[in-house]
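Peer 1: For reference, the file work.cif (mmCIF, C-alpha atoms) is included below:
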```cif
data_my_file
loop_
_atom_site.label_atom_id
_atom_site.label_comp_id
_atom_site.auth_asym_id
_atom_site.auth_seq_id
_atom_site.Cartn_x
_atom_site.Cartn_y
_atom_site.Cartn_z
CA MET A 29 -71.31 -89.89 -231.53
CA GLN A 30 -71.43 -86.11 -231.65
CA THR A 31 -69.28 -84.18 -229.20
CA ILE A 32 -70.65 -81.04 -227.58
CA ASN A 33 -68.50 -78.69 -225.54
CA PHE A 34 -70.42 -77.57 -222.46
CA VAL A 35 -68.90 -74.34 -221.20
CA THR A 36 -69.58 -73.47 -217.58
CA SER A 37 -67.64 -72.60 -214.46
CA ASN A 38 -70.53 -73.91 -212.33
CA LEU A 39 -69.80 -77.52 -211.36
CA LEU A 40 -73.27 -78.05 -209.86
CA LYS A 41 -74.79 -77.11 -213.21
CA LEU A 42 -72.47 -79.55 -214.96
CA GLN A 43 -73.41 -82.32 -212.54
CA GLN A 44 -77.15 -81.70 -213.04
CA VAL A 45 -76.86 -81.70 -216.80
CA ARG A 46 -74.91 -84.97 -216.69
CA ALA A 47 -77.56 -86.47 -214.36
CA ILE A 48 -80.38 -85.44 -216.70
CA LEU A 49 -78.54 -86.86 -219.72
CA GLY A 50 -78.17 -90.16 -217.82
CA ASN A 51 -76.04 -93.20 -218.53
CA ASP A 52 -76.88 -93.35 -222.22
CA PRO A 53 -76.47 -89.73 -223.35
CA PRO A 54 -77.38 -88.85 -226.96
CA PHE A 55 -74.10 -86.95 -227.36
CA LYS A 56 -70.70 -86.80 -225.72
CA LEU A 57 -70.56 -83.86 -223.31
CA VAL A 58 -67.07 -82.40 -222.87
CA HIS A 59 -66.72 -79.90 -220.04
CA HIS A 60 -64.81 -76.62 -220.44
CA SER A 61 -64.44 -74.47 -217.35
CA LEU A 62 -64.42 -70.89 -218.57
CA GLU A 63 -65.56 -67.86 -216.61
CA LEU A 64 -67.46 -65.94 -219.30
CA PRO A 65 -68.53 -62.31 -218.93
CA GLU A 66 -72.30 -61.83 -218.60
CA LEU A 67 -74.08 -58.81 -220.02
CA GLN A 68 -76.76 -56.69 -218.41
CA ALA A 69 -79.48 -57.88 -220.75
CA SER A 70 -82.36 -60.33 -221.12
CA LEU A 71 -81.78 -64.01 -220.34
CA ASP A 72 -81.81 -64.83 -224.07
CA GLU A 73 -79.30 -62.10 -224.88
CA ILE A 74 -76.99 -63.14 -222.05
CA ALA A 75 -77.04 -66.78 -223.22
CA ILE A 76 -76.52 -65.89 -226.90
CA ASN A 77 -73.64 -63.60 -226.05
CA LYS A 78 -71.93 -66.18 -223.82
CA CYS A 79 -72.35 -68.83 -226.50
CA ILE A 80 -70.75 -66.61 -229.17
CA THR A 81 -67.87 -65.68 -226.84
CA ALA A 82 -67.29 -69.32 -225.86
CA ALA A 83 -67.41 -70.55 -229.49
CA ALA A 84 -64.76 -67.98 -230.44
CA ILE A 85 -62.50 -69.44 -227.72
CA VAL A 86 -63.28 -73.16 -228.06
CA ASP A 87 -63.61 -72.98 -231.87
CA ASP A 88 -66.01 -75.93 -231.98
CA THR A 89 -69.62 -76.81 -231.04
CA VAL A 90 -70.54 -75.00 -227.84
CA LEU A 91 -73.36 -75.29 -225.34
CA VAL A 92 -73.94 -72.83 -222.48
CA GLU A 93 -76.81 -72.47 -220.03
CA ASP A 94 -78.24 -69.57 -218.04
CA THR A 95 -80.90 -69.46 -215.40
CA ALA A 96 -83.31 -66.74 -214.32
CA LEU A 97 -85.75 -66.51 -211.43
CA THR A 98 -88.55 -64.06 -212.16
CA PHE A 99 -90.84 -62.73 -209.40
CA SER A 100 -94.27 -61.83 -210.83
CA SER A 101 -94.60 -58.92 -208.37
CA LEU A 102 -91.24 -57.51 -209.39
CA ASN A 103 -92.09 -57.59 -213.11
CA GLY A 104 -89.07 -59.64 -214.16
CA LEU A 105 -86.62 -59.09 -211.30
CA PRO A 106 -84.38 -60.68 -210.14
CA GLY A 107 -84.45 -62.49 -213.51
CA PRO A 108 -80.95 -63.25 -214.81
CA TYR A 109 -79.51 -61.26 -211.87
CA ILE A 110 -80.63 -63.91 -209.37
CA LYS A 111 -77.00 -64.88 -208.64
CA THR A 112 -76.11 -61.28 -207.74
CA PHE A 113 -79.25 -60.90 -205.62
CA ILE A 114 -78.34 -64.01 -203.60
CA GLN A 115 -74.74 -62.84 -203.21
CA GLN A 116 -75.87 -59.44 -201.96
CA ILE A 117 -78.98 -60.09 -199.85
CA GLY A 118 -79.18 -63.87 -199.47
CA LEU A 119 -82.36 -65.95 -199.45
CA GLU A 120 -83.65 -63.99 -196.44
CA GLY A 121 -83.38 -60.80 -198.49
CA LEU A 122 -85.22 -62.37 -201.45
CA ILE A 123 -88.13 -63.07 -199.10
CA ARG A 124 -87.97 -59.64 -197.45
CA ILE A 125 -88.07 -57.61 -200.67
CA LEU A 126 -91.36 -59.39 -201.44
CA SER A 127 -92.82 -58.57 -197.98
CA ASP A 128 -95.06 -55.78 -199.24
CA TYR A 129 -96.42 -57.84 -202.16
CA GLU A 130 -99.23 -60.36 -201.83
CA ASP A 131 -98.35 -62.21 -205.03
CA LYS A 132 -95.39 -64.51 -204.30
CA THR A 133 -95.48 -66.41 -207.59
CA ALA A 134 -92.25 -66.87 -209.50
CA ILE A 135 -90.99 -68.58 -212.63
CA ALA A 136 -87.66 -70.36 -212.94
CA THR A 137 -86.30 -70.33 -216.49
CA SER A 138 -83.43 -72.26 -218.00
CA THR A 139 -82.05 -71.27 -221.38
CA PHE A 140 -79.52 -73.34 -223.28
CA ALA A 141 -77.69 -71.66 -226.15
CA TYR A 142 -76.07 -73.92 -228.72
CA THR A 143 -73.91 -73.23 -231.73
CA GLU A 144 -72.04 -75.49 -234.13
CA GLY A 145 -68.98 -73.28 -233.96
CA ARG A 146 -67.44 -69.87 -234.40
CA ASN A 147 -69.55 -67.49 -236.50
CA GLN A 148 -72.36 -70.04 -236.71
CA PRO A 149 -75.95 -69.22 -235.75
CA VAL A 150 -77.00 -69.70 -232.11
CA LYS A 151 -80.10 -71.76 -231.24
CA LEU A 152 -81.96 -71.27 -227.94
CA PHE A 153 -83.85 -73.91 -225.92
CA THR A 154 -85.91 -72.67 -223.00
CA GLY A 155 -87.70 -74.48 -220.19
CA THR A 156 -89.74 -72.97 -217.37
CA MET A 157 -91.04 -74.09 -213.98
CA HIS A 158 -93.85 -72.19 -212.25
CA GLY A 159 -94.06 -71.90 -208.49
CA LYS A 160 -93.95 -69.48 -205.58
CA ILE A 161 -91.47 -68.07 -203.09
CA THR A 162 -91.90 -69.54 -199.62
CA LYS A 163 -90.10 -69.21 -196.31
CA PRO A 164 -87.72 -72.12 -195.77
CA THR A 165 -88.98 -74.66 -193.24
CA SER A 166 -85.63 -74.86 -191.47
CA SER A 167 -82.66 -72.54 -191.19
CA ILE A 168 -80.55 -72.48 -194.31
CA PRO A 169 -77.12 -71.03 -194.98
CA HIS A 170 -77.05 -67.43 -196.27
CA GLN A 171 -75.48 -68.48 -199.55
CA ALA A 172 -77.75 -71.50 -200.20
CA ASN A 173 -79.34 -71.52 -203.63
CA TRP A 174 -82.84 -70.33 -204.44
CA GLN A 175 -84.21 -73.87 -204.72
CA SER A 176 -84.63 -73.74 -200.91
CA ILE A 177 -87.26 -70.97 -201.13
CA PHE A 178 -88.98 -71.98 -204.39
CA GLN A 179 -92.03 -74.25 -204.20
CA PRO A 180 -93.02 -75.65 -207.60
CA GLU A 181 -96.70 -75.70 -208.58
CA GLY A 182 -98.37 -78.91 -207.41
CA TYR A 183 -95.88 -79.52 -204.59
CA THR A 184 -96.05 -78.72 -200.89
CA THR A 185 -92.31 -78.50 -200.24
CA SER A 186 -89.47 -76.44 -201.63
CA TYR A 187 -87.77 -77.54 -204.81
CA ALA A 188 -84.67 -78.34 -202.76
CA MET A 189 -86.63 -80.94 -200.74
CA ILE A 190 -87.92 -82.88 -203.76
CA GLU A 191 -86.04 -86.05 -204.73
CA GLN A 192 -83.84 -85.69 -207.80
CA ASP A 193 -85.64 -88.36 -209.81
CA GLN A 194 -88.78 -86.26 -209.31
CA THR A 195 -87.21 -82.88 -210.09
CA ASN A 196 -85.83 -84.21 -213.36
CA LYS A 197 -89.42 -84.55 -214.56
CA ILE A 198 -90.47 -81.02 -213.66
CA SER A 199 -87.40 -78.84 -213.71
CA HIS A 200 -86.87 -75.88 -216.03
CA ARG A 201 -83.41 -77.22 -216.86
CA TYR A 202 -84.76 -80.69 -217.68
CA LYS A 203 -87.41 -79.26 -220.03
CA ALA A 204 -84.91 -77.06 -221.83
CA LEU A 205 -82.43 -79.91 -222.19
CA MET A 206 -85.13 -82.18 -223.68
CA LEU A 207 -85.81 -79.55 -226.36
CA LEU A 208 -82.09 -79.46 -227.16
CA ILE A 209 -81.94 -83.26 -227.42
CA ASP A 210 -85.02 -83.28 -229.70
CA TYR A 211 -83.29 -80.78 -231.95
CA LEU A 212 -79.97 -82.65 -232.06
CA THR A 213 -81.43 -86.13 -232.59
CA LYS A 214 -84.22 -85.41 -235.04
CA MET B 10 -57.18 -27.16 -225.73
CA GLN B 11 -57.46 -30.89 -225.18
CA THR B 12 -60.35 -32.73 -226.80
CA ILE B 13 -62.11 -35.49 -224.89
CA ASN B 14 -64.64 -37.79 -226.50
CA PHE B 15 -67.55 -38.32 -224.11
CA VAL B 16 -69.33 -41.51 -225.08
CA THR B 17 -72.91 -41.88 -223.87
CA SER B 18 -76.33 -42.56 -225.33
CA ASN B 19 -77.92 -40.72 -222.39
CA LEU B 20 -78.59 -37.11 -223.42
CA LEU B 21 -79.57 -36.06 -219.88
CA LYS B 22 -76.16 -37.22 -218.66
CA LEU B 23 -74.46 -35.25 -221.44
CA GLN B 24 -76.45 -32.14 -220.56
CA GLN B 25 -75.55 -32.43 -216.85
CA VAL B 26 -71.86 -32.90 -217.57
CA ARG B 27 -71.88 -29.85 -219.87
CA ALA B 28 -73.68 -27.83 -217.17
CA ILE B 29 -71.12 -28.83 -214.54
CA LEU B 30 -68.22 -27.97 -216.87
CA GLY B 31 -69.80 -24.54 -217.41
CA ASN B 32 -69.04 -21.82 -219.94
CA ASP B 33 -65.28 -22.05 -219.57
CA PRO B 34 -64.61 -25.81 -219.67
CA PRO B 35 -61.03 -27.01 -219.09
CA PHE B 36 -61.26 -29.26 -222.16
CA LYS B 37 -63.32 -29.58 -225.30
CA LEU B 38 -66.02 -32.21 -224.82
CA VAL B 39 -67.06 -33.97 -228.02
CA HIS B 40 -70.16 -36.12 -227.76
CA HIS B 41 -70.36 -39.61 -229.29
CA SER B 42 -73.69 -41.40 -229.04
CA LEU B 43 -72.87 -45.08 -228.79
CA GLU B 44 -74.97 -47.72 -227.06
CA LEU B 45 -72.28 -49.74 -225.28
CA PRO B 46 -72.88 -53.17 -223.75
CA GLU B 47 -72.77 -53.21 -219.93
CA LEU B 48 -71.45 -56.18 -217.99
CA GLN B 49 -72.93 -57.78 -214.91
CA ALA B 50 -70.14 -56.61 -212.64
CA SER B 51 -69.14 -53.93 -210.13
CA LEU B 52 -69.60 -50.28 -211.05
CA ASP B 53 -65.84 -49.90 -211.55
CA GLU B 54 -65.63 -52.96 -213.79
CA ILE B 55 -68.62 -51.84 -215.87
CA ALA B 56 -67.08 -48.38 -216.39
CA ILE B 57 -63.62 -49.76 -217.22
CA ASN B 58 -65.05 -52.21 -219.69
CA LYS B 59 -67.22 -49.60 -221.42
CA CYS B 60 -64.24 -47.24 -221.64
CA ILE B 61 -62.05 -49.92 -223.27
CA THR B 62 -64.81 -50.86 -225.73
CA ALA B 63 -65.48 -47.21 -226.62
CA ALA B 64 -61.75 -46.42 -227.07
CA ALA B 65 -61.42 -49.35 -229.49
CA ILE B 66 -64.23 -47.82 -231.58
CA VAL B 67 -63.41 -44.10 -231.29
CA ASP B 68 -59.63 -44.70 -231.37
CA ASP B 69 -58.91 -41.54 -229.37
CA THR B 70 -59.27 -40.20 -225.80
CA VAL B 71 -62.50 -41.50 -224.31
CA LEU B 72 -64.57 -40.61 -221.27
CA VAL B 73 -67.58 -42.63 -220.08
CA GLU B 74 -69.65 -42.41 -216.91
CA ASP B 75 -71.73 -44.87 -214.93
CA THR B 76 -74.02 -44.39 -211.99
CA ALA B 77 -75.05 -46.69 -209.15
CA LEU B 78 -77.62 -46.33 -206.40
CA THR B 79 -76.79 -48.53 -203.43
CA PHE B 80 -79.35 -49.29 -200.70
CA SER B 81 -77.62 -49.98 -197.36
CA SER B 82 -80.29 -52.54 -196.41
CA LEU B 83 -79.87 -54.41 -199.68
CA ASN B 84 -76.10 -54.67 -199.29
CA GLY B 85 -75.21 -53.09 -202.61
CA LEU B 86 -78.42 -53.54 -204.64
CA PRO B 87 -79.66 -52.07 -206.90
CA GLY B 88 -76.14 -50.68 -207.43
CA PRO B 89 -75.24 -50.46 -211.12
CA TYR B 90 -78.52 -52.22 -211.98
CA ILE B 91 -80.58 -49.19 -210.91
CA LYS B 92 -81.66 -48.53 -214.52
CA THR B 93 -83.03 -52.07 -214.86
CA PHE B 94 -84.78 -51.86 -211.46
CA ILE B 95 -86.55 -48.65 -212.51
CA GLN B 96 -87.51 -50.14 -215.87
CA GLN B 97 -88.97 -53.23 -214.20
CA ILE B 98 -90.57 -52.01 -210.97
CA GLY B 99 -90.54 -48.20 -211.17
CA LEU B 100 -89.94 -45.81 -208.28
CA GLU B 101 -92.93 -47.25 -206.44
CA GLY B 102 -91.29 -50.68 -206.55
CA LEU B 103 -87.98 -49.28 -205.26
CA ILE B 104 -89.83 -47.99 -202.20
CA ARG B 105 -91.83 -51.21 -201.77
CA ILE B 106 -88.87 -53.59 -201.81
CA LEU B 107 -87.50 -51.58 -198.86
CA SER B 108 -90.80 -51.82 -196.92
CA ASP B 109 -89.58 -54.49 -194.52
CA TYR B 110 -86.31 -52.66 -193.76
CA GLU B 111 -86.00 -49.82 -191.26
CA ASP B 112 -82.76 -48.48 -192.73
CA LYS B 113 -83.63 -46.43 -195.82
CA THR B 114 -80.16 -44.94 -196.35
CA ALA B 115 -78.64 -45.06 -199.80
CA ILE B 116 -75.54 -43.87 -201.61
CA ALA B 117 -75.47 -42.50 -205.15
CA THR B 118 -72.16 -43.10 -206.89
CA SER B 119 -70.82 -41.67 -210.13
CA THR B 120 -67.77 -43.20 -211.76
CA PHE B 121 -66.01 -41.64 -214.73
CA ALA B 122 -63.60 -43.84 -216.67
CA TYR B 123 -61.03 -42.08 -218.82
CA THR B 124 -58.42 -43.35 -221.24
CA GLU B 125 -56.05 -41.59 -223.63
CA GLY B 126 -56.86 -44.08 -226.36
CA ARG B 127 -56.98 -47.66 -227.53
CA ASN B 128 -54.88 -50.05 -225.40
CA GLN B 129 -54.04 -47.24 -222.96
CA PRO B 130 -54.62 -47.57 -219.21
CA VAL B 131 -58.01 -46.55 -217.82
CA LYS B 132 -58.25 -44.09 -214.90
CA LEU B 133 -61.32 -43.99 -212.62
CA PHE B 134 -62.77 -40.95 -210.83
CA THR B 135 -65.52 -41.60 -208.31
CA GLY B 136 -67.89 -39.29 -206.43
CA THR B 137 -70.57 -40.22 -203.92
CA MET B 138 -73.61 -38.59 -202.37
CA HIS B 139 -75.17 -39.96 -199.16
CA GLY B 140 -78.88 -39.79 -198.50
CA LYS B 141 -82.02 -41.85 -197.99
CA ILE B 142 -84.95 -43.19 -199.98
CA THR B 143 -88.17 -41.28 -199.33
CA LYS B 144 -91.69 -41.39 -200.67
CA PRO B 145 -92.24 -38.71 -203.31
CA THR B 146 -94.29 -35.75 -202.08
CA SER B 147 -96.45 -35.69 -205.20
CA SER B 148 -97.33 -38.26 -207.83
CA ILE B 149 -94.53 -38.93 -210.27
CA PRO B 150 -94.47 -40.80 -213.55
CA HIS B 151 -93.60 -44.52 -213.33
CA GLN B 152 -90.46 -44.05 -215.39
CA ALA B 153 -89.18 -40.91 -213.59
CA ASN B 154 -85.61 -41.13 -212.41
CA TRP B 155 -84.48 -42.04 -208.89
CA GLN B 156 -83.65 -38.43 -208.00
CA SER B 157 -87.38 -38.05 -207.15
CA ILE B 158 -87.12 -40.54 -204.26
CA PHE B 159 -83.57 -39.74 -203.03
CA GLN B 160 -83.12 -37.16 -200.28
CA PRO B 161 -79.50 -36.08 -199.87
CA GLU B 162 -78.06 -35.76 -196.35
CA GLY B 163 -78.67 -32.28 -194.94
CA TYR B 164 -81.69 -31.61 -197.16
CA THR B 165 -85.40 -31.93 -196.48
CA THR B 166 -86.55 -32.46 -200.05
CA SER B 167 -85.75 -34.96 -202.77
CA TYR B 168 -82.72 -34.44 -204.94
CA ALA B 169 -85.05 -33.72 -207.86
CA MET B 170 -86.53 -30.71 -206.00
CA ILE B 171 -83.19 -29.03 -205.30
CA GLU B 172 -82.14 -26.21 -207.64
CA GLN B 173 -79.44 -27.16 -210.13
CA ASP B 174 -76.94 -24.56 -208.89
CA GLN B 175 -77.23 -26.26 -205.49
CA THR B 176 -77.02 -29.86 -206.75
CA ASN B 177 -73.87 -29.09 -208.65
CA LYS B 178 -72.18 -28.49 -205.30
CA ILE B 179 -73.28 -31.77 -203.72
CA SER B 180 -73.86 -34.26 -206.50
CA HIS B 181 -71.95 -37.51 -206.93
CA ARG B 182 -71.44 -36.64 -210.60
CA TYR B 183 -70.08 -33.18 -209.77
CA LYS B 184 -67.58 -34.59 -207.27
CA ALA B 185 -66.36 -37.24 -209.68
CA LEU B 186 -66.02 -34.72 -212.51
CA MET B 187 -63.97 -32.38 -210.28
CA LEU B 188 -61.51 -35.23 -209.63
CA LEU B 189 -61.20 -35.80 -213.37
CA ILE B 190 -60.58 -32.10 -213.99
CA ASP B 191 -57.93 -32.03 -211.23
CA TYR B 192 -56.21 -34.94 -212.91
CA LEU B 193 -56.32 -33.45 -216.40
CA THR B 194 -55.23 -29.93 -215.44
CA LYS B 195 -52.53 -30.64 -212.88
#
```
Take the structure from the file and write it as structure tokens.
Peer 2:
Amino acid sequence: MQTINFVTSNLLKLQQVRAILGNDPPFKLVHHSLELPELQASLDEIAINKCITAAAIVDDTVLVEDTALTFSSLNGLPGPYIKTFIQQIGLEGLIRILSDYEDKTAIATSTFAYTEGRNQPVKLFTGTMHGKITKPTSSIPHQANWQSIFQPEGYTTSYAMIEQDQTNKISHRYKALMLLIDYLTK
Amino acid sequence: MQTINFVTSNLLKLQQVRAILGNDPPFKLVHHSLELPELQASLDEIAINKCITAAAIVDDTVLVEDTALTFSSLNGLPGPYIKTFIQQIGLEGLIRILSDYEDKTAIATSTFAYTEGRNQPVKLFTGTMHGKITKPTSSIPHQANWQSIFQPEGYTTSYAMIEQDQTNKISHRYKALMLLIDYLTK
């Protein structure tokens, strides 16, 4: 069975990817905890660059993932800077900067970047989830993740309130991971 | 006279630095137009990293500069991402994301990073200018720079409306450059 080195310092991301892969994964996922620098760039460019950097260190197959949350009214922002936005202004701030805009729609995007090794080409696999930014129904910690204020299309609660067996059918990360699996197992 | 290689792809920045240095500059400024990658990081880290990258390419003394615009209400944002914010939402968007906040104060920061060459330590020189975000008095192009909506403390017009011989006494970039000159000529 093929081994793929998943490079991330985000343990929640690792846990989600393992959950999506399930008990009978199509490849062996080996976790490497590396804090990789992220560029000011598009989501694709950030993922490609991290993948190249990680492959140079690990010197083997490498998989990395990056997430963006795009507000339609803000023409792409926060995008790949969603982590910084939450660190600086919290979920309350994400809602407040949209106050003056009627359109609260947003798109969550997950991009996996995969390479077979150092100096090898990088392949991208992208999944999206459409929805809108909503006020949380109950008080949430300042540093909670954006899933608490994101309501996917077709649902009446935030993404954070949906059961995991449900989210794995709709999530941006799930869709992107399925494309990767298709590619690796075809 | 000492030669310093100023690395920037921003010709307006080059022109401003030359204007501040004046007709009798304390060092010879040689321009290198390189598009350097910028990290997702603090202003200091971005400048340090660009300086190291540029010194590895130019293999000589290198000077780079980075600018941030920090909104008090957004706890650091846009910060070093001001260029991306303007690209995505324009000056109108910068004003709109502050709609729900009473505090419109902001700080412009200029950070010069200087090194004597490859693998040499990097020195930082930082200048700031306090002010507030204001609506432009007349219509301005979508891609105009933030000086059109920034009113420095003690002034009643935007920074863009102040004469250049005045701005050179108050600007963040001027203050930072004076610190660099002090360091190089002491």
Peer 1: Mind dumping a table of every chain B residue within 8 Å of chain A, with the nearest atom pair and its distance in Å to one decimal, using all atoms listed in the file, sorted by chain and rising number, as a Markdown table?
Peer 2:
```
| residue | atom | partner | partner_atom | distance |
| --- | --- | --- | --- | --- |
| B:Pro46 | CA | A:Leu67 | CA | 6.9 |
| B:Glu47 | CA | A:Gln68 | CA | 5.5 |
| B:Leu48 | CA | A:Leu67 | CA | 4.2 |
| B:Gln49 | CA | A:Gln68 | CA | 5.3 |
| B:Leu83 | CA | A:Ile117 | CA | 5.8 |
| B:Asn84 | CA | A:Gln116 | CA | 5.5 |
| B:Gly85 | CA | A:Gln116 | CA | 6.4 |
| B:Leu86 | CA | A:Gln116 | CA | 7.0 |
| B:Phe94 | CA | A:Leu105 | CA | 7.5 |
| B:Gln97 | CA | A:Asn103 | CA | 5.5 |
| B:Ile98 | CA | A:Leu102 | CA | 5.8 |
| B:Gly102 | CA | A:Leu102 | CA | 7.4 |
| B:Arg105 | CA | A:Asp128 | CA | 6.1 |
| B:Ile106 | CA | A:Ile125 | CA | 4.3 |
| B:Leu107 | CA | A:Ile125 | CA | 6.3 |
| B:Ser108 | CA | A:Asp128 | CA | 6.3 |
| B:Asp109 | CA | A:Arg124 | CA | 6.1 |
```
Peer 1: Would you list the residues near (-93.0, -71.3, -201.7), meaning any protein, DNA or RNA residue with an atom at most 6 Å from that point in file coordinates, counting all atoms listed in the file, as a PyMOL selection string?
Peer 2: chain A and resi 160-162+177-179
Peer 1: Considering only C-alpha atoms, state which residue in the set A:Gln44, A:Thr195, A:Ser176, A:Asn33 is at the smallest distance from A:Tyr142.
Peer 2: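 Closest candidate: A:Asn33.
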Peer 1: Please write the residues picked by the PyMOL selection byres ((chain A and resi 53-61) around 10) on this file as a ChimeraX atom specification.
Peer 2: /A:29-39,42,45-52,62-64,82,86,90-91,209-210,212-213
Peer 1: Show me, as AutoDock Vina command-line options, the centre and edge lengths in Å to one decimal of the axis-aligned box that covers every listed atom of stretch 112-122 of chain B with 6 Å on each side.
Peer 2:
```
--center_x -73.6 --center_y -45.1 --center_z -204.7 --size_x 32.0 --size_y 18.8 --size_z 35.9
```
Peer 1: When you write stretch 117-130 of chain A out from the block above, keep N, CA, C and O atoms and present the result as a compact mmCIF listing (two decimals), in the first residue's frame, please.
Peer 2:
```
# COMPACT_ATOMS: atom_id res chain seq x y z
N ILE A 117 -9.37 39.49 14.74
CA ILE A 117 -10.67 40.12 15.06
C ILE A 117 -11.72 39.12 15.54
O ILE A 117 -12.83 39.52 15.90
N GLY A 118 -11.38 37.84 15.55
CA GLY A 118 -12.33 36.84 16.05
C GLY A 118 -13.54 36.67 15.14
O GLY A 118 -13.68 37.35 14.12
N LEU A 119 -14.44 35.76 15.54
CA LEU A 119 -15.65 35.52 14.75
C LEU A 119 -16.56 36.74 14.77
O LEU A 119 -17.21 37.07 13.79
N GLU A 120 -16.60 37.43 15.92
CA GLU A 120 -17.42 38.64 16.05
C GLU A 120 -16.97 39.67 15.01
O GLU A 120 -17.80 40.30 14.34
N GLY A 121 -15.67 39.81 14.85
CA GLY A 121 -15.14 40.76 13.87
C GLY A 121 -15.48 40.36 12.45
O GLY A 121 -15.80 41.22 11.61
N LEU A 122 -15.45 39.06 12.15
CA LEU A 122 -15.81 38.59 10.81
C LEU A 122 -17.23 38.99 10.46
O LEU A 122 -17.54 39.34 9.32
N ILE A 123 -18.12 38.92 11.47
CA ILE A 123 -19.51 39.32 11.24
C ILE A 123 -19.60 40.85 11.11
O ILE A 123 -20.30 41.36 10.24
N ARG A 124 -18.86 41.56 11.94
CA ARG A 124 -18.95 43.03 11.94
C ARG A 124 -18.43 43.66 10.65
O ARG A 124 -18.98 44.65 10.17
N ILE A 125 -17.35 43.11 10.08
CA ILE A 125 -16.83 43.74 8.86
C ILE A 125 -17.80 43.55 7.68
O ILE A 125 -17.70 44.25 6.68
N LEU A 126 -18.75 42.62 7.84
CA LEU A 126 -19.78 42.42 6.80
C LEU A 126 -21.04 43.25 7.06
O LEU A 126 -21.98 43.21 6.26
N SER A 127 -21.07 43.98 8.20
CA SER A 127 -22.29 44.69 8.61
C SER A 127 -22.91 45.52 7.50
O SER A 127 -24.12 45.53 7.31
N ASP A 128 -22.05 46.25 6.77
CA ASP A 128 -22.56 47.19 5.78
C ASP A 128 -22.91 46.52 4.44
O ASP A 128 -23.29 47.20 3.50
N TYR A 129 -22.76 45.22 4.36
CA TYR A 129 -23.02 44.50 3.11
C TYR A 129 -24.26 43.61 3.28
O TYR A 129 -24.37 42.89 4.27
N GLU A 130 -25.14 43.65 2.28
CA GLU A 130 -26.34 42.82 2.35
C GLU A 130 -26.00 41.36 2.05
O GLU A 130 -26.53 40.45 2.67
```
